[in-house]
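Single-structure report; data block below.
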Amino acid sequence: MTNKQLFNKGLRDGLPICLGYLSVSFAFGIFTVGLGLSVWQAILISMTNVTSAGQLAGVPIMVGGLPLVEMVLTQFVINLRYSLMSVSMSQKLSKKVLFRFRFLFAFMVTDEIFAVSISQKEDLETPYMLGLIATPFLGWTAGTALGAIAGDVLPSMVVSALGIALYAMFVAIIIPPAKKNKAVAGCCLLAMALSCLFYYVPAFSKISQGISIIVCALVSGVIFAVAFPVADEENEADGKKEVPA
Amino acid sequence: MIDTGVFFLYLAVMAGVTYLIRMLPLVLCKEKIKSRFVKSFLYYVPYAVLSAMTIPAIFYSTSYFLSAVLGLCAAVVLSLFEKKLLTVAIGACSTVFIVEYVMKLMN
């Protein structure tokens, strides 16, 4: 394939991701403006982060003026999965990809882009990757802008209804693998139980949400990694199905 | 409304950490992770994070507890049928909207 054909193939593969991002980032825009940030601030957060779960957790920390170390830890834990994806992706990049492009592609390592790129039969070439990441970035930014602007003018009942959108997506990400894999289901239930413990038990209620998520994830992750280690080959297969967030 | 300088400080930290997590392995890592424990841990962590982020926060993501609970039920049912993310999100939002509309009518 010529460079142009590769680029066009990337564009084509990226378009469904772009459409999905429009709606998720729309909800993020509403959420962020609802917490008191400006439209341009919401857009800037999306343009520099491109990660839904991380942004959703980061904005309350920002608005609440919580310690910066909490921002570091929260983003680290929530986005840690990207490291694994980046490792897989580094094996998949064609030898022809110039080193400096790795710095660009790294910026757009998301669950969806990872899933699409790793499912390609051939090694990943630069034009293909450029096409693949182009429209998702635009969709993520444009959706945030639309949500942030429309969030101001939409009736409160619509805003309330959209408030559940991102959480509903998280449910949609968790449940299919949990249905197939009892260990994943157990890990999810443990994390939820711990999270409720932090939220509802008065002795723990002073602990911020950011720290609570970290502790819940680390404890559940370590316990299940020890009790139900992933088989090497299974890990490979599951990595491909790794889900959007 | 937070101070613009403070905003940029938090933004820089947030974006910086997120980028480093993605960039360092892609740039440095040429070999696959061998540790079975680390691989397993990285496999479970996303699900644990999303679970902890969703419960109990989802119950307070709408105007009323009841609409949020029913919205969650809709999301769970649709997810069990492995519907697309967008479908699940729209289903949950619609449920919340309808429940709150009915609640408004009854008041």
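Each chain of the structure tokens is named A, B, ... in the order shown, its residues numbered from 1; ligands are numbered from 1 in display order.
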
**Message:** Can you pull out the residues contacting Asn3 of chain A? Cut-off 8 Å, using only C-alpha atoms, and skip same-chain residues under 2 positions away; I want them as a list in words.
**Reply:** Met1, Gln5, Leu6, Phe7, Pro127 and Tyr128 of chain A

Residues of chain B within 7 Å of chain A: nearest atom pair and distance (Å, one decimal) for each, counting only C-alpha atoms, sorted by chain and number, as JSON lines?
{"residue": "B:Met1", "atom": "CA", "partner": "A:Gly36", "partner_atom": "CA", "distance": 5.4}
{"residue": "B:Ile2", "atom": "CA", "partner": "A:Val63", "partner_atom": "CA", "distance": 6.6}
{"residue": "B:Tyr10", "atom": "CA", "partner": "A:Met62", "partner_atom": "CA", "distance": 6.1}
{"residue": "B:Leu11", "atom": "CA", "partner": "A:Ile45", "partner_atom": "CA", "distance": 6.7}
{"residue": "B:Val13", "atom": "CA", "partner": "A:Val72", "partner_atom": "CA", "distance": 6.7}
{"residue": "B:Met14", "atom": "CA", "partner": "A:Met71", "partner_atom": "CA", "distance": 6.4}
{"residue": "B:Ala15", "atom": "CA", "partner": "A:Asn49", "partner_atom": "CA", "distance": 5.1}
{"residue": "B:Val17", "atom": "CA", "partner": "A:Val72", "partner_atom": "CA", "distance": 6.4}
{"residue": "B:Thr18", "atom": "CA", "partner": "A:Gln75", "partner_atom": "CA", "distance": 6.2}
{"residue": "B:Tyr19", "atom": "CA", "partner": "A:Phe107", "partner_atom": "CA", "distance": 6.0}
{"residue": "B:Ile21", "atom": "CA", "partner": "A:Ser83", "partner_atom": "CA", "distance": 5.6}
{"residue": "B:Arg22", "atom": "CA", "partner": "A:Ala106", "partner_atom": "CA", "distance": 5.3}
{"residue": "B:Met23", "atom": "CA", "partner": "A:Ala106", "partner_atom": "CA", "distance": 4.8}
{"residue": "B:Pro25", "atom": "CA", "partner": "A:Val87", "partner_atom": "CA", "distance": 5.4}
{"residue": "B:Leu26", "atom": "CA", "partner": "A:Ser86", "partner_atom": "CA", "distance": 4.9}
{"residue": "B:Val27", "atom": "CA", "partner": "A:Arg102", "partner_atom": "CA", "distance": 6.3}
{"residue": "B:Cys29", "atom": "CA", "partner": "A:Val87", "partner_atom": "CA", "distance": 6.1}
{"residue": "B:Lys30", "atom": "CA", "partner": "A:Ser90", "partner_atom": "CA", "distance": 6.5}
{"residue": "B:Lys32", "atom": "CA", "partner": "A:Val87", "partner_atom": "CA", "distance": 6.8}
{"residue": "B:Arg36", "atom": "CA", "partner": "A:Pro229", "partner_atom": "CA", "distance": 6.9}
{"residue": "B:Phe37", "atom": "CA", "partner": "A:Ala225", "partner_atom": "CA", "distance": 5.9}
{"residue": "B:Ser40", "atom": "CA", "partner": "A:Ala225", "partner_atom": "CA", "distance": 4.9}
{"residue": "B:Phe41", "atom": "CA", "partner": "A:Ala225", "partner_atom": "CA", "distance": 4.9}
{"residue": "B:Leu42", "atom": "CA", "partner": "A:Arg81", "partner_atom": "CA", "distance": 6.1}
{"residue": "B:Tyr44", "atom": "CA", "partner": "A:Gly221", "partner_atom": "CA", "distance": 5.3}
{"residue": "B:Val45", "atom": "CA", "partner": "A:Gly221", "partner_atom": "CA", "distance": 5.1}
{"residue": "B:Pro46", "atom": "CA", "partner": "A:Arg81", "partner_atom": "CA", "distance": 6.3}
{"residue": "B:Tyr47", "atom": "CA", "partner": "A:Ile174", "partner_atom": "CA", "distance": 6.0}
{"residue": "B:Ala48", "atom": "CA", "partner": "A:Ala217", "partner_atom": "CA", "distance": 4.9}
{"residue": "B:Val49", "atom": "CA", "partner": "A:Ala217", "partner_atom": "CA", "distance": 5.1}
{"residue": "B:Leu50", "atom": "CA", "partner": "A:Phe170", "partner_atom": "CA", "distance": 6.0}
{"residue": "B:Ser51", "atom": "CA", "partner": "A:Cys188", "partner_atom": "CA", "distance": 5.4}
{"residue": "B:Ala52", "atom": "CA", "partner": "A:Met192", "partner_atom": "CA", "distance": 4.9}
{"residue": "B:Met53", "atom": "CA", "partner": "A:Ile213", "partner_atom": "CA", "distance": 6.4}
{"residue": "B:Thr54", "atom": "CA", "partner": "A:Tyr167", "partner_atom": "CA", "distance": 5.7}
{"residue": "B:Ile55", "atom": "CA", "partner": "A:Met192", "partner_atom": "CA", "distance": 5.5}
{"residue": "B:Pro56", "atom": "CA", "partner": "A:Cys196", "partner_atom": "CA", "distance": 6.0}
{"residue": "B:Ile58", "atom": "CA", "partner": "A:Tyr167", "partner_atom": "CA", "distance": 6.1}
{"residue": "B:Ser61", "atom": "CA", "partner": "A:Gly163", "partner_atom": "CA", "distance": 5.4}
{"residue": "B:Thr62", "atom": "CA", "partner": "A:Ser160", "partner_atom": "CA", "distance": 4.7}
{"residue": "B:Ser63", "atom": "CA", "partner": "A:Ser160", "partner_atom": "CA", "distance": 5.7}
{"residue": "B:Leu72", "atom": "CA", "partner": "A:Ala168", "partner_atom": "CA", "distance": 6.8}
{"residue": "B:Ala75", "atom": "CA", "partner": "A:Ala168", "partner_atom": "CA", "distance": 5.5}
{"residue": "B:Val76", "atom": "CA", "partner": "A:Val171", "partner_atom": "CA", "distance": 6.5}
{"residue": "B:Ser79", "atom": "CA", "partner": "A:Ala172", "partner_atom": "CA", "distance": 4.9}
{"residue": "B:Leu80", "atom": "CA", "partner": "A:Pro176", "partner_atom": "CA", "distance": 6.3}
{"residue": "B:Glu82", "atom": "CA", "partner": "A:Pro176", "partner_atom": "CA", "distance": 6.0}
{"residue": "B:Leu85", "atom": "CA", "partner": "A:Met169", "partner_atom": "CA", "distance": 5.5}
{"residue": "B:Leu86", "atom": "CA", "partner": "A:Gly20", "partner_atom": "CA", "distance": 6.7}
{"residue": "B:Val88", "atom": "CA", "partner": "A:Ala168", "partner_atom": "CA", "distance": 6.4}
{"residue": "B:Ala89", "atom": "CA", "partner": "A:Ala165", "partner_atom": "CA", "distance": 4.9}
{"residue": "B:Ala92", "atom": "CA", "partner": "A:Ala168", "partner_atom": "CA", "distance": 6.3}
{"residue": "B:Cys93", "atom": "CA", "partner": "A:Ala161", "partner_atom": "CA", "distance": 4.7}
{"residue": "B:Ser94", "atom": "CA", "partner": "A:Ala161", "partner_atom": "CA", "distance": 6.9}
{"residue": "B:Val96", "atom": "CA", "partner": "A:Ala161", "partner_atom": "CA", "distance": 5.1}
{"residue": "B:Phe97", "atom": "CA", "partner": "A:Ala161", "partner_atom": "CA", "distance": 5.1}

Dump of C-alpha atoms for the selected residues, as a PDB file, in the first residue's frame:
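Contents of again.pdb, as written:
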ATOM      1  CA  MET B   1     -14.400  29.168  39.559  1.00  0.00           C
ATOM      2  CA  ILE B   2     -10.739  28.439  40.185  1.00  0.00           C
ATOM      3  CA  TYR B  10      -3.229  21.234  37.882  1.00  0.00           C
ATOM      4  CA  LEU B  11      -3.622  20.866  34.117  1.00  0.00           C
ATOM      5  CA  VAL B  13       0.437  17.897  36.348  1.00  0.00           C
ATOM      6  CA  MET B  14      -2.603  15.985  35.077  1.00  0.00           C
ATOM      7  CA  ALA B  15      -1.539  16.013  31.427  1.00  0.00           C
ATOM      8  CA  VAL B  17       1.532  12.305  34.343  1.00  0.00           C
ATOM      9  CA  THR B  18      -0.929  10.919  31.794  1.00  0.00           C
ATOM     10  CA  TYR B  19       1.514  11.511  28.934  1.00  0.00           C
ATOM     11  CA  ILE B  21       2.594   6.869  31.512  1.00  0.00           C
ATOM     12  CA  ARG B  22       1.875   6.416  27.816  1.00  0.00           C
ATOM     13  CA  MET B  23       5.149   7.708  26.433  1.00  0.00           C
ATOM     14  CA  PRO B  25       6.884   2.427  27.827  1.00  0.00           C
ATOM     15  CA  LEU B  26       6.467   3.174  24.125  1.00  0.00           C
ATOM     16  CA  VAL B  27       9.836   4.879  23.910  1.00  0.00           C
ATOM     17  CA  CYS B  29      10.289  -0.634  26.363  1.00  0.00           C
ATOM     18  CA  LYS B  30      11.466  -2.884  23.593  1.00  0.00           C
ATOM     19  CA  LYS B  32       7.773  -7.709  26.733  1.00  0.00           C
ATOM     20  CA  ARG B  36       3.374 -12.913  35.591  1.00  0.00           C
ATOM     21  CA  PHE B  37       2.363 -10.963  38.686  1.00  0.00           C
ATOM     22  CA  SER B  40      -1.901 -10.044  36.050  1.00  0.00           C
ATOM     23  CA  PHE B  41      -1.980  -6.894  38.157  1.00  0.00           C
ATOM     24  CA  LEU B  42      -2.125  -4.689  35.048  1.00  0.00           C
ATOM     25  CA  TYR B  44      -7.134  -6.514  36.772  1.00  0.00           C
ATOM     26  CA  VAL B  45      -6.441  -2.883  37.645  1.00  0.00           C
ATOM     27  CA  PRO B  46      -8.573  -1.198  34.910  1.00  0.00           C
ATOM     28  CA  TYR B  47     -11.647  -3.150  35.997  1.00  0.00           C
ATOM     29  CA  ALA B  48     -11.014  -2.393  39.664  1.00  0.00           C
ATOM     30  CA  VAL B  49     -10.528   1.308  38.924  1.00  0.00           C
ATOM     31  CA  LEU B  50     -13.708   1.578  36.875  1.00  0.00           C
ATOM     32  CA  SER B  51     -15.672  -0.354  39.501  1.00  0.00           C
ATOM     33  CA  ALA B  52     -14.479   1.866  42.344  1.00  0.00           C
ATOM     34  CA  MET B  53     -15.159   4.993  40.275  1.00  0.00           C
ATOM     35  CA  THR B  54     -18.685   3.888  39.406  1.00  0.00           C
ATOM     36  CA  ILE B  55     -19.925   2.617  42.774  1.00  0.00           C
ATOM     37  CA  PRO B  56     -21.186   4.516  44.731  1.00  0.00           C
ATOM     38  CA  ILE B  58     -23.166   6.778  40.042  1.00  0.00           C
ATOM     39  CA  SER B  61     -24.663  11.526  39.298  1.00  0.00           C
ATOM     40  CA  THR B  62     -28.249  12.643  38.635  1.00  0.00           C
ATOM     41  CA  SER B  63     -30.780  14.861  40.427  1.00  0.00           C
ATOM     42  CA  LEU B  72     -27.813   1.919  36.649  1.00  0.00           C
ATOM     43  CA  ALA B  75     -27.050   0.068  32.068  1.00  0.00           C
ATOM     44  CA  VAL B  76     -26.472  -3.313  33.730  1.00  0.00           C
ATOM     45  CA  SER B  79     -24.424  -4.479  29.236  1.00  0.00           C
ATOM     46  CA  LEU B  80     -25.391  -8.058  30.038  1.00  0.00           C
ATOM     47  CA  GLU B  82     -23.309  -6.810  25.413  1.00  0.00           C
ATOM     48  CA  LEU B  85     -21.078   1.558  24.801  1.00  0.00           C
ATOM     49  CA  LEU B  86     -23.093   4.240  23.092  1.00  0.00           C
ATOM     50  CA  VAL B  88     -25.765   1.512  27.012  1.00  0.00           C
ATOM     51  CA  ALA B  89     -25.112   5.178  27.713  1.00  0.00           C
ATOM     52  CA  ALA B  92     -29.210   4.794  30.950  1.00  0.00           C
ATOM     53  CA  CYS B  93     -29.688   8.487  30.130  1.00  0.00           C
ATOM     54  CA  SER B  94     -33.152   7.865  28.658  1.00  0.00           C
ATOM     55  CA  VAL B  96     -33.041   8.680  34.045  1.00  0.00           C
ATOM     56  CA  PHE B  97     -34.890  11.238  31.935  1.00  0.00           C
TER      57      PHE B  97
END

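One distance worth recording is that between atom CA of Lys9 of chain A and atom CA of Gly143 of chain A, which is 23.2 Å.
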
**Prompt:** Hey, can you check how far atom CA of Ser35 of chain B sits from atom CA of Lys180 of chain A?
**Reply:**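 Between these atoms lies a distance of 24.3 Å.
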
From segment 15-159 of chain A, collect each residue whose DSSP state is helix (DSSP H, G or I) and return the set as a short mmCIF file (atom, residue, chain, number, x, y, z; two decimals) with C-alpha atoms, in the first residue's frame.
data_model
loop_
_atom_site.label_atom_id
_atom_site.label_comp_id
_atom_site.auth_asym_id
_atom_site.auth_seq_id
_atom_site.Cartn_x
_atom_site.Cartn_y
_atom_site.Cartn_z
CA LEU A 15 -13.89 7.24 12.27
CA PRO A 16 -16.03 4.91 14.44
CA ILE A 17 -13.75 5.76 17.37
CA CYS A 18 -14.27 9.45 16.62
CA LEU A 19 -18.05 9.06 16.71
CA GLY A 20 -17.92 7.18 20.00
CA TYR A 21 -15.68 9.86 21.47
CA LEU A 22 -18.08 12.64 20.47
CA SER A 23 -20.71 11.35 22.87
CA VAL A 24 -18.36 10.50 25.73
CA SER A 25 -16.58 13.83 25.59
CA PHE A 26 -19.94 15.59 25.25
CA ALA A 27 -20.83 14.17 28.65
CA PHE A 28 -17.41 15.20 29.97
CA GLY A 29 -17.98 18.76 28.76
CA ILE A 30 -21.29 18.96 30.61
CA PHE A 31 -19.78 17.40 33.73
CA THR A 32 -16.83 19.79 33.78
CA VAL A 33 -18.81 22.98 33.23
CA GLY A 34 -21.25 21.72 35.86
CA VAL A 39 -15.76 26.10 28.38
CA TRP A 40 -12.16 26.81 27.27
CA GLN A 41 -10.82 25.03 30.36
CA ALA A 42 -12.88 21.92 29.60
CA ILE A 43 -11.63 21.94 25.99
CA LEU A 44 -8.02 22.40 27.07
CA ILE A 45 -8.26 19.47 29.51
CA SER A 46 -9.56 17.21 26.75
CA MET A 47 -6.94 18.36 24.23
CA THR A 48 -4.05 17.71 26.60
CA ASN A 49 -5.22 14.49 28.27
CA SER A 52 -12.07 9.79 29.88
CA ALA A 53 -11.64 8.07 33.26
CA GLY A 54 -8.55 10.13 34.10
CA GLN A 55 -10.21 13.40 33.20
CA LEU A 56 -13.39 12.52 35.08
CA ALA A 57 -11.37 11.79 38.22
CA GLY A 58 -8.99 14.71 37.72
CA VAL A 59 -11.49 17.53 37.39
CA PRO A 60 -12.98 17.18 40.91
CA ILE A 61 -9.43 17.14 42.33
CA MET A 62 -8.67 20.33 40.40
CA VAL A 63 -11.90 22.07 41.36
CA LEU A 68 -1.24 17.97 43.71
CA VAL A 69 0.21 14.68 44.91
CA GLU A 70 -3.33 13.32 44.82
CA MET A 71 -3.61 14.38 41.19
CA VAL A 72 -0.34 12.59 40.42
CA LEU A 73 -1.36 9.39 42.20
CA THR A 74 -4.89 9.34 40.80
CA GLN A 75 -3.77 9.84 37.22
CA PHE A 76 -0.99 7.32 37.71
CA VAL A 77 -3.28 4.58 38.98
CA ILE A 78 -6.20 5.25 36.65
CA ASN A 79 -4.02 5.51 33.56
CA ARG A 81 -3.25 0.45 31.99
CA TYR A 82 -1.91 2.64 29.17
CA SER A 83 1.59 1.50 30.07
CA LEU A 84 0.67 -2.06 29.24
CA MET A 85 -0.91 -0.96 25.96
CA SER A 86 2.14 1.14 25.10
CA VAL A 87 4.37 -1.87 25.68
CA SER A 88 2.25 -4.01 23.31
CA MET A 89 2.13 -1.21 20.78
CA SER A 90 5.92 -0.76 20.84
CA GLN A 91 6.25 -4.37 19.61
CA LYS A 92 3.73 -3.76 16.85
CA PHE A 99 11.76 7.27 16.71
CA ARG A 100 10.31 10.76 17.13
CA PHE A 101 6.88 9.57 16.00
CA ARG A 102 6.72 7.35 19.09
CA PHE A 103 6.40 10.54 21.14
CA LEU A 104 3.39 11.58 19.06
CA PHE A 105 1.64 8.21 18.96
CA ALA A 106 2.10 7.86 22.73
CA PHE A 107 -0.13 10.88 23.20
CA ASP A 111 -8.25 1.91 24.88
CA GLU A 112 -9.99 2.14 21.51
CA ILE A 113 -6.98 3.16 19.43
CA PHE A 114 -4.95 0.46 21.12
CA ALA A 115 -7.63 -2.12 20.36
CA VAL A 116 -7.83 -1.18 16.67
CA SER A 117 -4.10 -0.86 16.07
CA ILE A 118 -3.19 -4.10 17.81
CA THR A 126 3.49 5.94 10.32
CA PRO A 127 0.85 7.07 7.76
CA TYR A 128 -1.65 4.53 9.08
CA MET A 129 -1.15 5.66 12.68
CA LEU A 130 -1.44 9.35 11.71
CA GLY A 131 -4.76 8.63 10.01
CA LEU A 132 -5.96 6.50 12.88
CA ILE A 133 -5.36 9.09 15.60
CA ALA A 134 -6.49 12.17 13.64
CA THR A 135 -10.28 11.99 13.83
CA PRO A 136 -10.51 10.58 17.38
CA PHE A 137 -8.53 13.59 18.60
CA LEU A 138 -10.85 15.97 16.75
CA GLY A 139 -13.94 14.11 17.97
CA TRP A 140 -12.73 14.17 21.56
CA THR A 141 -12.09 17.92 21.41
CA ALA A 142 -15.23 18.86 19.49
CA GLY A 143 -17.47 16.73 21.71
CA THR A 144 -16.09 18.40 24.82
CA ALA A 145 -16.69 21.84 23.32
CA LEU A 146 -20.26 20.99 22.34
CA GLY A 147 -21.04 19.49 25.75
CA ALA A 148 -19.49 22.39 27.63
CA ILE A 149 -21.44 24.94 25.58
CA ALA A 150 -24.73 23.02 25.38
CA GLY A 151 -24.54 22.14 29.08
CA ASP A 152 -25.27 25.81 29.80
CA VAL A 153 -28.40 26.01 27.71
CA SER A 156 -31.72 20.79 33.88
CA MET A 157 -33.55 17.49 33.43
CA VAL A 158 -31.53 16.73 30.31
CA VAL A 159 -28.28 17.63 32.07
#

**Request:** Work out how far apart atom CA of Lys96 of chain A and atom CA of Glu125 of chain A are and give it in Å to one decimal.
**Result:** 7.1 Å
